[in-house]
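> Starting off with a structure, shown below.
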Amino acid sequence: MDRLVAGDPSKEDMMFALQRFVTAGCAAGLALSVAACGTVGDTSASPGNPSGAGIVIAGVYGNTSDPFFSSIGCGARAEAQRLGVELKTYTSASLDTNQFAANFQSAQLAKPNGIFVEPFNANQFVAQYQSLMQQGVPIVTASASTPPSQYKLVLSSPDTAPYLPEALSLIDAESGSMVVLGGAPGVEPLEIRYKPFVEAVTKAKPGLTALPTEYSGFDINKSTSTVASLLIAHPDLRLVIASNGPDGQAAAAAVQQAGKAGQVKVIAFDAVPAEIVALKAGTITALIAQAPQKIGAESVSTLVAYIKGNPSGRPVPSGEEVIGIPQRLLTAQNVDDPANADYIYRVDC
């Protein structure tokens with residue numbers, strides 16, 4: 001979801017790996033579905049509520065090798081079926097900006113009634129958004145463009161209030177050092193999620209000395225090596241805050257290999273399968289998870305509500321209204337609660 005800034009392609013690719021951020025691209029052992037491996041023009045006819053008959057929604061998103069984005073697709077498909085609308089998805093398993101642009105072009109050619117899109121660069125399709133919105137086609141995204149050219153934004157709320165007290169209670173260290181694994185610098189949607197939490201920890205635990213933030217570029221191997229080195233160089237390391245899935249996996253692996261599970265607390269963002277395994281094993285203390293299935297579902301329902309309410313096809317008003325999907329703290333005690341199912345990322349539907 002790029003609510004990011006434009007830059008050279010390599011930087012955009014690295015930055016986009018964010019949210020959520022599990023690497024590897026349809027690797028063996030993940031058993032990804034065809035949609036998760038990447039498809040263009042994948043069409044799901046949804047024979048649900050006939051009141052949605054005739055409405056076609058397009059979804060454009062990449063990096064489906066990351067369970068976060070696969071889960072968005074699962075939520076979107078389920079909601080489309082519930083509403084009785086047709087959903088066409090245009091996806092890819094990579095971070096390739098050219099492929100994403102080709103997919104967006106294909107989505108436009110399909111003449112959908114509305115589009116939800118998760119671009120690598122927030123401003124990549126401003127001109128196209130403006131043209132489509134003038135034609136009465138609403139655009140929903142998680143990446144605010146400049147100038148605002150979308151109808152609404154659907155994304156994870158950065159509000160820490162729902163989980164902060166419990167998360168702080170799990171950090172029992174009052175002295176020693178802590179480190180933040182930041183993925184990549186300057187990634188706005190990532191930073192608005194983890195930085196408020198880091199600030200709260202720093203305020204609540206003044207005895208913990210913060211080491212320089214480490215950036216792996218969402219490379220699990222690099223991050224594992226970094227944390228392993230830090231554990232040796234700083235025997236007093238008591239807390240690792242991982243801002244994303246790959247860094248969460250890496251921190252868990254390094255702490256486990258060092259025989260310090262439980263001694264070094266790991267608080268990680270996201271809830272990819274490997275993080276869930278580590279959480280249940282006690283290597284990860286807690287996960288601050290998004291609800292990607294809800295993001296996908298809300299994106300579809302927001303589009304359908306607008307389309308039904310504006311059958312004339314008049315120009316769509318642009319805006320910056322945010323529909324924030326709350327995050328949730330997952331622990332070994334509540335991770336299997338059915339109420340938290342939407343917060344566990346899926347590799348397929």
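Convention: chains lettered A, B, ... in structure tokens order; per-chain residue numbering from 1; ligands numbered from 1 as shown.
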Residues of stretch 54-239 of chain A classed as helix (DSSP H, G or I) by DSSP on the backbone are to be reported as a ChimeraX atom specification.
/A:67-83,97-109,126-134,164-169,188-204,220-233
> In Å, with one decimal, what is the gap from atom CA of A:Thr285 to atom CA of A:Thr331?
6.8 Å
> Atom CA of A:Tyr90 to atom CA of A:Ala53: how many Å, to one decimal?
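Computing the Euclidean distance for atom CA of A:Tyr90 and atom CA of A:Ala53 yields 20.9 Å.
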> If you measure from atom CA of A:Glu79 to atom CA of A:Ile57, what distance in Å do you get, rounded to one decimal?
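Distance between the two atoms: 11.1 Å.
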